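> One file is attached below, data_30.txt, containing compact mmCIF, C-alpha atoms.
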```
# COMPACT_ATOMS: atom_id res chain seq x y z
CA MET A 639 -5.38 -1.85 -27.24
CA ARG A 640 -4.41 -1.31 -23.60
CA LEU A 641 -0.87 -1.76 -22.34
CA THR A 642 -0.11 -1.95 -18.63
CA VAL A 643 3.46 -1.19 -17.57
CA LEU A 644 4.53 -2.69 -14.24
CA GLY A 645 7.36 -0.58 -12.91
CA GLY A 646 5.66 2.38 -14.56
CA GLY A 647 7.78 4.86 -12.60
CA GLY A 648 10.94 3.32 -14.03
CA PHE A 649 13.43 5.53 -15.83
CA ARG A 650 13.19 3.77 -19.20
CA VAL A 651 9.39 3.91 -19.52
CA PRO A 652 9.56 6.99 -21.80
CA LEU A 653 11.37 4.82 -24.35
CA VAL A 654 8.32 2.55 -24.50
CA TYR A 655 5.96 5.50 -24.82
CA ARG A 656 8.08 7.04 -27.57
CA ALA A 657 7.82 3.79 -29.55
CA LEU A 658 4.04 3.85 -29.11
CA LEU A 659 3.89 7.45 -30.32
CA ASP A 660 5.92 6.55 -33.38
CA ASP A 661 3.48 3.71 -34.09
CA ALA A 662 0.74 6.22 -34.98
CA GLY A 663 1.33 5.84 -38.71
CA ASP A 664 3.31 7.77 -41.28
CA ASP A 665 1.04 10.81 -41.23
CA GLY A 666 0.74 10.99 -37.44
CA SER A 667 -3.03 10.69 -37.69
CA GLY A 668 -3.32 7.60 -35.54
CA ALA A 669 -5.08 5.79 -38.36
CA ARG A 670 -2.86 2.73 -38.16
CA ALA A 671 -5.08 -0.18 -37.19
CA GLY A 672 -4.69 -1.83 -33.84
CA ARG A 673 -2.27 0.61 -32.26
CA CYS A 674 -2.08 1.07 -28.51
CA THR A 675 -4.64 3.63 -27.34
CA GLU A 676 -4.13 3.51 -23.55
CA VAL A 677 -1.13 3.04 -21.27
CA VAL A 678 -1.60 2.28 -17.58
CA LEU A 679 1.45 2.88 -15.40
CA TYR A 680 1.72 0.87 -12.17
CA ASP A 681 4.34 1.45 -9.50
CA THR A 682 4.58 1.31 -5.72
CA ASP A 683 6.31 4.72 -5.66
CA ARG A 684 3.94 7.61 -6.39
CA ARG A 685 6.77 10.13 -6.65
CA ARG A 686 8.39 8.17 -9.47
CA LEU A 687 5.05 7.72 -11.21
CA ASP A 688 4.42 11.46 -11.14
CA ALA A 689 7.88 12.24 -12.54
CA ILE A 690 7.59 9.78 -15.43
CA GLY A 691 4.03 10.93 -16.06
CA ALA A 692 5.37 14.47 -16.52
CA VAL A 693 7.93 13.23 -19.06
CA LEU A 694 5.27 11.32 -21.00
CA ALA A 695 2.96 14.36 -21.03
CA GLU A 696 5.71 16.43 -22.66
CA GLN A 697 6.42 13.64 -25.15
CA ALA A 698 2.75 13.59 -26.15
CA ARG A 699 2.47 17.36 -26.56
CA GLY A 700 1.35 18.15 -30.09
CA ARG A 701 0.75 14.49 -30.92
CA GLY A 702 -2.99 14.17 -31.44
CA ALA A 703 -2.86 10.38 -31.64
CA ALA A 704 -0.95 9.94 -28.38
CA PRO A 705 -2.10 7.00 -26.24
CA ALA A 706 -3.89 8.10 -23.08
CA VAL A 707 -1.86 7.64 -19.90
CA ARG A 708 -3.17 6.72 -16.48
CA ALA A 709 -1.13 6.00 -13.33
CA THR A 710 -2.04 3.89 -10.31
CA THR A 711 -0.47 2.24 -7.27
CA ASP A 712 -3.17 -0.47 -7.19
CA LEU A 713 -1.96 -3.61 -9.01
CA ASP A 714 -5.38 -5.11 -9.71
CA ASP A 715 -6.64 -1.78 -11.00
CA ALA A 716 -3.64 -1.61 -13.34
CA LEU A 717 -4.16 -5.12 -14.66
CA ARG A 718 -7.91 -5.04 -15.17
CA GLY A 719 -8.73 -4.83 -18.88
CA ALA A 720 -5.11 -5.10 -20.06
CA ASP A 721 -4.36 -6.69 -23.41
CA PHE A 722 -0.62 -6.71 -22.76
CA VAL A 723 1.35 -6.38 -19.53
CA PHE A 724 4.93 -5.14 -19.76
CA SER A 725 6.77 -6.15 -16.60
CA ALA A 726 9.87 -4.10 -15.78
CA ILE A 727 9.94 -4.07 -11.99
CA ARG A 728 12.96 -3.65 -9.70
CA VAL A 729 12.32 -5.24 -6.34
CA GLY A 730 14.33 -3.38 -3.71
CA GLY A 731 15.04 -0.51 -6.08
CA LEU A 732 18.53 0.63 -6.95
CA ALA A 733 19.50 0.41 -3.29
CA GLY A 734 18.90 -3.34 -3.56
CA ARG A 735 20.96 -3.50 -6.74
CA THR A 736 23.79 -1.69 -5.02
CA ARG A 737 23.82 -4.28 -2.26
CA ASP A 738 23.70 -7.16 -4.75
CA GLU A 739 26.82 -5.74 -6.39
CA ARG A 740 28.79 -4.79 -3.28
CA VAL A 741 28.32 -8.04 -1.33
CA PRO A 742 30.10 -10.18 -3.98
CA LEU A 743 32.76 -7.55 -4.62
CA ASN A 744 33.64 -7.64 -0.93
CA GLU A 745 34.55 -11.29 -1.51
CA GLY A 746 36.56 -10.51 -4.62
CA VAL A 747 34.04 -12.02 -7.05
CA LEU A 748 31.95 -10.29 -9.69
CA GLY A 749 29.21 -7.99 -8.45
CA GLN A 750 26.83 -7.40 -11.35
CA GLU A 751 23.08 -7.04 -11.65
CA THR A 752 22.31 -10.20 -13.64
CA VAL A 753 25.57 -12.15 -13.92
CA GLY A 754 27.20 -14.24 -11.21
CA ALA A 755 26.41 -13.98 -7.53
CA GLY A 756 24.72 -10.59 -7.94
CA GLY A 757 22.26 -12.08 -10.42
CA VAL A 758 21.46 -14.92 -8.01
CA LEU A 759 20.85 -12.50 -5.14
CA TYR A 760 18.68 -10.31 -7.36
CA GLY A 761 16.72 -13.36 -8.45
CA LEU A 762 16.15 -14.52 -4.87
CA ARG A 763 14.61 -11.15 -4.03
CA THR A 764 12.67 -10.69 -7.28
CA LEU A 765 11.17 -14.10 -8.03
CA PRO A 766 8.60 -14.23 -5.18
CA VAL A 767 7.22 -10.86 -6.29
CA ALA A 768 7.20 -11.90 -9.96
CA ILE A 769 5.22 -15.02 -9.08
CA ARG A 770 2.67 -13.00 -7.09
CA ILE A 771 2.28 -10.68 -10.07
CA ALA A 772 1.77 -13.66 -12.37
CA GLU A 773 -0.94 -14.95 -10.05
CA ARG A 774 -2.74 -11.60 -10.11
CA VAL A 775 -2.50 -11.48 -13.92
CA ALA A 776 -3.99 -14.97 -14.13
CA THR A 777 -6.87 -13.88 -11.89
CA VAL A 778 -7.57 -10.31 -13.03
CA ALA A 779 -6.44 -10.35 -16.69
CA PRO A 780 -6.35 -14.00 -17.78
CA ASP A 781 -6.38 -13.13 -21.49
CA ALA A 782 -3.45 -10.71 -21.27
CA TRP A 783 0.00 -11.49 -22.62
CA VAL A 784 2.91 -10.69 -20.30
CA ILE A 785 6.11 -9.32 -21.86
CA ASN A 786 8.83 -9.69 -19.26
CA PHE A 787 11.84 -7.41 -19.13
CA THR A 788 12.37 -7.78 -15.37
CA ASN A 789 15.88 -9.02 -14.67
CA PRO A 790 17.25 -11.63 -14.47
CA ALA A 791 14.97 -11.91 -17.51
CA GLY A 792 15.39 -15.58 -18.42
CA MET A 793 15.09 -16.75 -14.84
CA VAL A 794 12.05 -14.58 -14.11
CA THR A 795 10.35 -15.65 -17.35
CA GLU A 796 10.86 -19.33 -16.52
CA ALA A 797 9.41 -18.84 -13.04
CA MET A 798 6.38 -16.87 -14.28
CA ARG A 799 5.65 -19.59 -16.83
CA ARG A 800 4.73 -21.88 -13.94
CA VAL A 801 1.64 -19.72 -13.51
CA LEU A 802 1.01 -18.20 -16.94
CA GLY A 803 2.31 -20.87 -19.30
CA GLU A 804 2.82 -19.70 -22.90
CA ARG A 805 1.31 -16.26 -22.20
CA VAL A 806 4.56 -14.89 -20.77
CA ILE A 807 7.48 -14.10 -23.10
CA GLY A 808 10.82 -12.61 -22.10
CA ILE A 809 12.62 -9.93 -24.07
CA CYS A 810 16.09 -8.36 -24.03
CA ASP A 811 17.75 -5.82 -26.28
CA SER A 812 21.30 -7.22 -26.07
CA PRO A 813 20.99 -9.87 -28.82
CA VAL A 814 19.38 -7.58 -31.39
CA GLY A 815 21.96 -4.89 -30.65
CA LEU A 816 24.79 -7.36 -31.29
CA CYS A 817 23.18 -8.63 -34.50
CA ARG A 818 22.58 -5.17 -35.92
CA ARG A 819 26.08 -3.95 -35.07
CA ALA A 820 27.60 -7.01 -36.76
CA ALA A 821 25.49 -6.44 -39.88
CA ARG A 822 26.48 -2.78 -40.08
CA ALA A 823 30.16 -3.74 -39.74
CA LEU A 824 29.68 -5.92 -42.82
CA GLY A 825 27.92 -3.17 -44.75
CA VAL A 826 24.72 -5.21 -44.66
CA ASP A 827 21.22 -3.84 -44.03
CA PRO A 828 20.38 -5.29 -40.58
CA ASP A 829 16.72 -5.64 -41.56
CA LEU A 830 17.55 -7.87 -44.52
CA ALA A 831 19.66 -10.38 -42.60
CA GLU A 832 18.75 -13.57 -40.76
CA TYR A 833 20.57 -14.36 -37.54
CA ASP A 834 21.54 -17.67 -35.96
CA TYR A 835 21.72 -16.76 -32.28
CA VAL A 836 21.63 -19.25 -29.41
CA GLY A 837 21.91 -19.06 -25.64
CA LEU A 838 20.29 -18.01 -22.40
CA ASN A 839 19.55 -14.44 -21.43
CA HIS A 840 22.85 -12.51 -21.15
CA LEU A 841 24.66 -15.70 -22.21
CA GLY A 842 24.43 -16.16 -25.98
CA TRP A 843 26.37 -16.27 -29.24
CA LEU A 844 25.74 -15.05 -32.78
CA ARG A 845 26.83 -17.97 -34.97
CA ALA A 846 25.70 -16.95 -38.44
CA LEU A 847 24.55 -13.82 -40.27
CA VAL A 848 22.77 -14.82 -43.47
CA VAL A 849 21.82 -12.65 -46.43
CA ASP A 850 20.37 -14.20 -49.61
CA GLY A 851 21.24 -17.65 -48.37
CA ARG A 852 24.90 -16.86 -47.66
CA ASP A 853 26.50 -16.70 -44.21
CA HIS A 854 28.60 -13.52 -44.03
CA LEU A 855 29.86 -14.01 -40.44
CA PRO A 856 33.07 -15.84 -41.54
CA ARG A 857 33.92 -12.82 -43.70
CA LEU A 858 33.57 -10.56 -40.65
CA LEU A 859 35.59 -12.88 -38.41
CA ASP A 860 38.43 -12.91 -40.94
CA ASP A 861 38.59 -9.09 -41.15
CA PRO A 862 40.21 -7.79 -37.91
CA ALA A 863 39.62 -4.14 -38.78
CA ALA A 864 35.90 -4.64 -39.44
CA LEU A 865 35.64 -6.95 -36.43
CA GLU A 866 37.05 -4.36 -34.06
CA SER A 867 34.97 -1.52 -35.49
CA PHE A 868 31.99 -2.16 -33.17
CA GLU A 869 31.39 -2.72 -29.48
CA GLU A 870 31.66 -6.49 -29.13
CA GLY A 871 34.74 -6.59 -31.34
CA LYS A 872 36.44 -4.01 -29.14
CA LEU A 873 35.35 -5.76 -25.96
CA PHE A 874 36.56 -9.24 -26.85
CA GLY A 875 39.29 -8.49 -29.40
CA ALA A 876 39.70 -9.95 -32.87
CA THR A 877 42.11 -12.67 -31.72
CA TRP A 878 39.64 -14.22 -29.29
CA LEU A 879 36.64 -13.86 -31.59
CA ARG A 880 38.48 -15.53 -34.45
CA ALA A 881 39.38 -18.37 -32.10
CA LEU A 882 35.73 -18.72 -31.00
CA ARG A 883 34.36 -18.45 -34.55
CA ALA A 884 31.29 -16.75 -33.08
CA LEU A 885 30.30 -13.35 -31.66
CA PRO A 886 29.43 -13.51 -27.94
CA ASN A 887 26.82 -11.39 -26.21
CA GLU A 888 28.52 -8.50 -24.39
CA TYR A 889 27.75 -10.05 -20.99
CA LEU A 890 30.05 -12.99 -21.77
CA HIS A 891 32.91 -10.55 -21.21
CA TYR A 892 32.36 -11.25 -17.50
CA TYR A 893 33.09 -14.93 -18.16
CA TYR A 894 35.87 -14.81 -20.75
CA PHE A 895 37.71 -11.91 -19.10
CA ASN A 896 36.54 -12.34 -15.53
CA ARG A 897 39.75 -11.35 -13.77
CA GLU A 898 40.09 -8.14 -15.77
CA ALA A 899 36.39 -7.29 -15.40
CA VAL A 900 36.40 -7.76 -11.62
CA ARG A 901 39.56 -5.69 -11.25
CA ALA A 902 38.05 -2.88 -13.32
CA VAL A 903 34.85 -2.86 -11.23
CA LEU A 904 36.85 -2.83 -7.99
CA GLN A 905 38.94 0.10 -9.23
CA ALA A 906 35.93 2.13 -10.37
CA PRO A 907 34.79 4.98 -8.08
CA ALA A 908 31.31 3.43 -7.88
CA THR A 909 29.49 0.32 -9.01
CA ARG A 910 26.96 0.66 -11.82
CA GLY A 911 24.14 0.45 -9.28
CA GLU A 912 25.67 3.16 -7.12
CA PHE A 913 26.13 5.43 -10.14
CA LEU A 914 22.55 4.93 -11.35
CA HIS A 915 21.15 5.34 -7.83
CA GLN A 916 22.78 8.74 -7.45
CA GLN A 917 21.98 9.79 -11.01
CA GLN A 918 18.31 8.81 -10.90
CA GLU A 919 17.73 10.29 -7.47
CA GLY A 920 18.93 13.56 -8.95
CA PHE A 921 16.58 13.19 -11.92
CA TYR A 922 13.46 12.38 -9.87
CA ALA A 923 14.24 15.18 -7.42
CA GLU A 924 14.74 17.68 -10.26
CA VAL A 925 11.47 16.77 -11.97
CA GLY A 926 9.61 16.69 -8.66
CA SER A 927 10.78 20.20 -7.85
CA GLY A 928 9.36 21.55 -11.08
CA ARG A 929 12.70 23.08 -12.12
CA GLY A 930 12.92 23.12 -15.90
CA GLY A 931 11.33 20.66 -18.33
CA ALA A 932 10.81 17.04 -17.36
CA LEU A 933 11.55 15.74 -20.85
CA GLU A 934 14.78 17.74 -21.15
CA ALA A 935 15.95 16.44 -17.77
CA TRP A 936 15.14 12.88 -18.81
CA GLU A 937 16.94 13.17 -22.16
CA ARG A 938 20.03 14.62 -20.49
CA THR A 939 20.09 11.90 -17.84
CA ARG A 940 19.48 9.14 -20.37
CA SER A 941 22.35 10.30 -22.59
CA GLU A 942 24.73 10.12 -19.65
CA ARG A 943 23.36 6.70 -18.70
CA GLU A 944 23.89 5.30 -22.21
CA ALA A 945 27.38 6.79 -22.54
CA THR A 946 28.53 5.10 -19.31
CA TYR A 947 26.95 1.68 -20.01
CA MET A 948 29.48 -1.13 -19.26
CA ALA A 949 32.13 1.52 -18.69
CA GLU A 950 34.21 -0.80 -16.47
CA ASN A 951 34.39 -3.46 -19.21
CA ARG A 952 35.50 -0.84 -21.72
CA SER A 953 38.08 0.39 -19.23
CA ALA A 954 39.45 -3.15 -18.98
CA THR A 955 39.86 -3.31 -22.78
CA GLY A 956 41.45 0.01 -23.66
CA ASP A 957 39.12 2.64 -22.19
CA TRP A 958 37.35 3.36 -25.51
CA GLU A 959 34.20 5.40 -25.96
CA ARG A 960 30.86 4.14 -27.23
CA ASP A 961 29.98 4.96 -30.84
CA SER A 962 27.34 7.62 -31.41
CA CYS A 963 24.97 5.11 -33.06
CA ASP A 964 24.91 3.14 -29.80
CA LEU A 965 24.18 6.15 -27.61
CA ASP A 966 20.62 6.48 -28.89
CA GLY A 967 19.59 3.72 -26.48
CA GLY A 968 16.36 1.86 -26.83
CA GLY A 969 15.91 -1.41 -28.61
CA TYR A 970 13.86 -3.38 -26.13
CA GLU A 971 10.89 -1.06 -26.59
CA ARG A 972 10.89 -1.75 -30.34
CA ILE A 973 11.06 -5.47 -29.67
CA ALA A 974 8.11 -5.17 -27.28
CA LEU A 975 6.10 -3.22 -29.84
CA ALA A 976 6.87 -5.69 -32.64
CA LEU A 977 5.93 -8.57 -30.33
CA MET A 978 2.62 -6.95 -29.35
CA ARG A 979 1.66 -6.22 -32.94
CA ALA A 980 2.58 -9.72 -34.12
CA ILE A 981 0.37 -11.31 -31.46
CA ALA A 982 -2.51 -8.84 -31.64
CA HIS A 983 -2.75 -8.76 -35.44
CA ASN A 984 -1.00 -11.94 -36.54
CA GLU A 985 1.78 -9.90 -38.15
CA ARG A 986 4.20 -12.81 -38.51
CA THR A 987 7.72 -11.83 -37.61
CA THR A 988 10.96 -13.32 -36.31
CA LEU A 989 12.38 -11.97 -33.03
CA ILE A 990 15.04 -13.16 -30.59
CA LEU A 991 13.08 -13.89 -27.41
CA ASN A 992 13.16 -15.79 -24.14
CA VAL A 993 10.82 -18.77 -24.49
CA PRO A 994 10.67 -22.45 -23.47
CA ASN A 995 13.13 -24.49 -25.49
CA ARG A 996 10.79 -27.26 -26.65
CA SER A 997 13.35 -28.94 -28.92
CA ALA A 998 15.08 -25.90 -30.41
CA VAL A 999 18.42 -26.24 -28.60
CA PRO A 1000 19.76 -29.81 -28.47
CA GLY A 1001 21.00 -30.73 -25.00
CA LEU A 1002 18.54 -28.60 -23.03
CA ASP A 1003 15.19 -29.90 -21.81
CA ALA A 1004 11.89 -28.77 -23.29
CA ASP A 1005 10.91 -26.48 -20.40
CA ALA A 1006 14.22 -24.62 -20.14
CA VAL A 1007 13.76 -20.97 -21.13
CA VAL A 1008 16.30 -20.13 -23.82
CA GLU A 1009 17.07 -17.02 -25.87
CA VAL A 1010 16.75 -17.85 -29.57
CA PRO A 1011 15.09 -16.59 -32.76
CA CYS A 1012 11.34 -17.24 -32.63
CA LEU A 1013 8.50 -17.12 -35.13
CA VAL A 1014 5.80 -14.91 -33.60
CA THR A 1015 2.15 -15.11 -34.67
CA ALA A 1016 -1.23 -14.60 -33.01
CA GLY A 1017 -0.60 -17.85 -31.15
CA GLY A 1018 2.54 -16.56 -29.47
CA ALA A 1019 6.24 -17.27 -29.97
CA ARG A 1020 7.63 -20.56 -31.26
CA PRO A 1021 11.41 -21.13 -31.02
CA LEU A 1022 13.19 -21.98 -34.24
CA ALA A 1023 15.59 -24.91 -34.31
CA THR A 1024 19.21 -23.88 -33.79
CA GLY A 1025 21.00 -27.08 -34.76
CA PRO A 1026 23.94 -28.52 -32.80
CA VAL A 1027 25.54 -26.27 -30.21
CA ALA A 1028 29.31 -26.18 -29.58
CA ALA A 1029 30.37 -28.09 -26.50
CA ASP A 1030 31.79 -25.03 -24.73
CA GLN A 1031 28.58 -23.09 -25.34
CA LEU A 1032 26.28 -25.91 -24.24
CA GLY A 1033 28.38 -26.65 -21.17
CA LEU A 1034 28.17 -23.06 -19.96
CA MET A 1035 24.44 -22.91 -20.73
CA LEU A 1036 23.80 -26.10 -18.73
CA SER A 1037 25.79 -24.81 -15.74
CA VAL A 1038 24.00 -21.45 -15.67
CA LYS A 1039 20.60 -23.10 -16.22
CA ALA A 1040 21.24 -25.28 -13.16
CA VAL A 1041 22.00 -22.10 -11.19
CA GLU A 1042 18.80 -20.45 -12.44
CA ARG A 1043 16.69 -23.41 -11.41
CA ALA A 1044 18.27 -23.65 -7.97
CA THR A 1045 17.55 -19.94 -7.53
CA ILE A 1046 13.92 -20.45 -8.54
CA GLU A 1047 13.62 -23.37 -6.11
CA ALA A 1048 15.09 -21.32 -3.28
CA ALA A 1049 12.90 -18.30 -3.99
CA LEU A 1050 9.68 -20.29 -4.21
CA THR A 1051 10.27 -22.75 -1.37
CA GLY A 1052 12.52 -20.77 0.97
CA CYS A 1053 15.07 -23.59 0.93
CA ARG A 1054 18.46 -22.42 2.20
CA ALA A 1055 20.27 -25.39 0.62
CA ALA A 1056 18.93 -24.47 -2.81
CA ALA A 1057 20.09 -20.86 -2.37
CA LEU A 1058 23.56 -22.04 -1.37
CA ARG A 1059 23.63 -24.40 -4.33
CA ALA A 1060 22.68 -21.58 -6.69
CA LEU A 1061 25.54 -19.40 -5.47
CA ALA A 1062 28.19 -22.13 -5.14
CA LEU A 1063 27.53 -23.73 -8.53
CA HIS A 1064 27.78 -20.50 -10.50
CA PRO A 1065 30.89 -20.58 -12.72
CA LEU A 1066 31.93 -17.14 -11.46
CA VAL A 1067 31.87 -18.07 -7.75
CA ASP A 1068 35.12 -19.87 -6.95
CA SER A 1069 34.46 -21.47 -3.56
CA VAL A 1070 31.63 -22.96 -1.53
CA ARG A 1071 32.96 -21.03 1.48
CA VAL A 1072 32.62 -17.80 -0.52
CA ALA A 1073 29.05 -18.80 -1.41
CA GLU A 1074 28.24 -19.38 2.25
CA ARG A 1075 29.55 -15.95 3.19
CA LEU A 1076 27.69 -14.32 0.30
CA LEU A 1077 24.41 -15.82 1.45
CA ALA A 1078 25.03 -14.76 5.05
CA ALA A 1079 25.88 -11.18 4.02
CA SER A 1080 23.03 -10.83 1.52
CA GLY A 1081 20.34 -10.01 4.07
CA LEU A 1082 18.18 -12.75 2.50
CA ALA A 1083 19.32 -15.63 4.73
CA PRO A 1084 16.76 -14.97 7.53
CA GLU A 1085 13.98 -15.56 4.99
CA LEU A 1086 15.31 -19.04 4.18
CA SER A 1087 14.83 -22.27 6.06
CA ASP A 1088 16.89 -25.43 6.49
CA HIS A 1089 13.71 -27.48 6.27
CA VAL A 1090 10.99 -27.12 3.70
CA GLY A 1091 7.46 -28.45 3.80
```
Will you turn the file into structure tokens for me?


Amino acid sequence: MRLTVLGGGGFRVPLVYRALLDDAGDDGSGARAGRCTEVVLYDTDRRRLDAIGAVLAEQARGRGAAPAVRATTDLDDALRGADFVFSAIRVGGLAGRTRDERVPLNEGVLGQETVGAGGVLYGLRTLPVAIRIAERVATVAPDAWVINFTNPAGMVTEAMRRVLGERVIGICDSPVGLCRRAARALGVDPDLAEYDYVGLNHLGWLRALVVDGRDHLPRLLDDPAALESFEEGKLFGATWLRALRALPNEYLHYYYFNREAVRAVLQAPATRGEFLHQQQEGFYAEVGSGRGGALEAWERTRSEREATYMAENRSATGDWERDSCDLDGGGYERIALALMRAIAHNERTTLILNVPNRSAVPGLDADAVVEVPCLVTAGGARPLATGPVAADQLGLMLSVKAVERATIEAALTGCRAAALRALALHPLVDSVRVAERLLAASGLAPELSDHVG
């Protein structure tokens, strides 16, 4: 089985390769049927490809069943013969992310990679490239399945579906992380529980945690000590979670505690994008120079990255440290591997994924990409019915979905009015005038037109 990774020079690619190495079977012989045998890394930056290639080579050392690795800067070459395509691109690099964060912050509104105005700006820049990639996949590797992790993941997945239909599925590690942390807080084996989770990407809620037919979430919500023993409980606080009667995805902190989150980001010495830009430049330069081991440098950099994840939000809620069990990172690579195996070998499983709604979430149309538990088989991912959604949850989902679709329209048609609508209608942008200034300062306005077609 051949896996092509788009954004193959990206910092988190070694997590994917590590999961593939661990899929060799219990004895390490590589005898497990249907495992990935070849990984093709595609990136536009040869320097980054070489650095990540060096890390993967050290990971594979002594592993006789390691998948072969090949790197290329030719997209069609990378796609040809692929069974699965893992898309994790960053259009504009971390310099682009930094701008997406700073432009909104200069207006006093949230600057974040996927949430609020920053997410809209990132989408406007990313979506045209994602669509072109989808078109090349359809031409060069029409039988391949695309697993999309490119942010904003739900928005990008919905846009790529216009070309690839059911053969593109979005993934994110935030929901499964929340579910597993909640189960551990209850003393429940996370692998034995069923989870009722509903939302959009980076905008969802865990509403039930069922073991042996019994929902244990009320027990957790009524135990403040257990509730505040894990990340989401510390972020949101027991009082608010008990009022909600649900556990929100960590990214909802930007909505429920927006004023505090924005203040914390403004007071931080650097935005997340600025921190990662400096950190990763140091990593790629170190590996490129040949000083020390590539894998050791990557592990050291990754540990620092995980420890500082959402540091501003934690600062706004008591300045607490992440638990050691959450510093291991990963998650999305295991979801990707489980998804690939389920499709390739009909290993039926249930995963929380980004897929078209069909009729799973009442109140959203059939084509809206939602993030819900799905049954995965050789035929792909089918969303499982969620039942009625609380009015506050559905209202926020509908507002953000309207923003996503306006962003897609603007990116694909070049319509300035659609881009303005996407920014102004976002719940975290508080004025049309602010939206106008954001669009003007984004650097994207010259690419848009007042008249389309």

> Given only C-alpha atoms as the basis, pick out the residue of A:Glu1009, A:Val1041, A:Val753, A:Glu1085 nearest to Tyr835 of chain A.

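Result for the nearest residue to Tyr835 of chain A: A:Glu1009.
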
> Could you check the closest approach to Asn789 of chain A for each of A:Ala831, A:Ile1046, A:Val729, A:Leu687 and tell me which residue wins, using only C-alpha atoms?

A:Val729

> Skip segment 926-938 of chain A itself and residues of its chain fewer than 3 positions away, then list as a ChimeraX atom specification all residues within 9 Å of it, counting only C-alpha atoms.

/A:649,652,685-686,688-690,692-697,921-923,941-943

> Find the residue from A:Ala704, A:Ala902, A:Leu802, A:Ser812 that sits nearest to Ala657 of chain A; use only C-alpha atoms when measuring.

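Looking only at the distances to Ala657 of chain A, the closest residue turns out to be A:Ala704.
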
> Considering all atoms listed in the file, state which residue in the set A:Leu841, A:Leu914, A:Val651, A:Ala1016 is at the smallest distance from Lys1039 of chain A.

A:Leu841

> Using 3 Å of padding on each side, determine the axis-aligned box around all atoms of segment 995-1005 of chain A present in the file and give its centre and edge lengths in Å to one decimal, as JSON.


```
{"center_x": 15.9, "center_y": -27.6, "center_z": -25.4, "size_x": 16.2, "size_y": 12.2, "size_z": 16.0}
```

> What does the structure give for the distance between atom CA of Arg737 of chain A and atom CA of Leu762 of chain A, in Å to one decimal?

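Calculated distance between atom CA of Arg737 of chain A and atom CA of Leu762 of chain A is 13.1 Å.
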
> At what distance in Å, to one decimal, does atom CA of Arg1059 of chain A lie from atom CA of Val767 of chain A?

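Those two atoms sit 21.4 Å apart.
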
> Report, in Å to a single decimal, how far apart atom CA of Leu816 of chain A and atom CA of Met1035 of chain A are.

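Calculated distance between atom CA of Met1035 of chain A and atom CA of Leu816 of chain A is 18.8 Å.
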
> Considering all atoms listed in the file, can you say which of A:Trp783, A:Asp1003, A:Tyr760, A:Val814 comes closest to Gly731 of chain A?

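That would be A:Tyr760, the residue with the smallest distance to Gly731 of chain A.
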
> Give me the residues within 9 Å of Ile771 of chain A as a ChimeraX atom specification, counting all atoms listed in the file and dropping any in the same chain fewer than 5 places off.

/A:713,766,776,798

> Restrict the selected residues to C-alpha atoms and save them as an mmCIF file, keeping the file's coordinate frame.


```cif
data_model
loop_
_atom_site.group_PDB
_atom_site.id
_atom_site.type_symbol
_atom_site.label_atom_id
_atom_site.label_comp_id
_atom_site.auth_asym_id
_atom_site.auth_seq_id
_atom_site.Cartn_x
_atom_site.Cartn_y
_atom_site.Cartn_z
ATOM 1 C CA LEU A 713 -1.960 -3.610 -9.010
ATOM 2 C CA PRO A 766 8.600 -14.230 -5.180
ATOM 3 C CA ALA A 776 -3.990 -14.970 -14.130
ATOM 4 C CA MET A 798 6.380 -16.870 -14.280
#
```

> Select, from A:Leu885, A:Ile769, A:Val758, A:Met948, the residue with the minimum atom-to-atom distance to Arg735 of chain A, counting only C-alpha atoms.

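Smallest separation from Arg735 of chain A among the options: A:Val758.
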
> Mind checking which residues fall within 8 Å of Leu844 of chain A, counting only C-alpha atoms, ignoring those fewer than 3 positions away in the same chain, and posting them as a PDB file with C-alpha atoms, keeping the file's coordinate frame?


```
ATOM      1  CA  LEU A 816      24.790  -7.360 -31.290  1.00  0.00           C
ATOM      2  CA  CYS A 817      23.180  -8.630 -34.500  1.00  0.00           C
ATOM      3  CA  TYR A 833      20.570 -14.360 -37.540  1.00  0.00           C
ATOM      4  CA  ASP A 834      21.540 -17.670 -35.960  1.00  0.00           C
ATOM      5  CA  TYR A 835      21.720 -16.760 -32.280  1.00  0.00           C
ATOM      6  CA  VAL A 836      21.630 -19.250 -29.410  1.00  0.00           C
ATOM      7  CA  LEU A 847      24.550 -13.820 -40.270  1.00  0.00           C
ATOM      8  CA  ALA A 884      31.290 -16.750 -33.080  1.00  0.00           C
ATOM      9  CA  LEU A 885      30.300 -13.350 -31.660  1.00  0.00           C
ATOM     10  CA  PRO A 886      29.430 -13.510 -27.940  1.00  0.00           C
ATOM     11  CA  ASN A 887      26.820 -11.390 -26.210  1.00  0.00           C
TER      12      ASN A 887
END
```

> Residues around (12.4, 1.5, -15.6), cut-off 10 Å, counting all atoms listed in the file - what are they as a CSV table (one decimal) with C-alpha atoms, in the coordinates of the input?


```csv
chain,number,residue,atom,x,y,z
A,643,VAL,CA,3.5,-1.2,-17.6
A,644,LEU,CA,4.5,-2.7,-14.2
A,645,GLY,CA,7.4,-0.6,-12.9
A,646,GLY,CA,5.7,2.4,-14.6
A,647,GLY,CA,7.8,4.9,-12.6
A,648,GLY,CA,10.9,3.3,-14.0
A,649,PHE,CA,13.4,5.5,-15.8
A,650,ARG,CA,13.2,3.8,-19.2
A,651,VAL,CA,9.4,3.9,-19.5
A,652,PRO,CA,9.6,7.0,-21.8
A,653,LEU,CA,11.4,4.8,-24.4
A,654,VAL,CA,8.3,2.6,-24.5
A,686,ARG,CA,8.4,8.2,-9.5
A,690,ILE,CA,7.6,9.8,-15.4
A,725,SER,CA,6.8,-6.2,-16.6
A,726,ALA,CA,9.9,-4.1,-15.8
A,727,ILE,CA,9.9,-4.1,-12.0
A,728,ARG,CA,13.0,-3.6,-9.7
A,787,PHE,CA,11.8,-7.4,-19.1
A,788,THR,CA,12.4,-7.8,-15.4
```
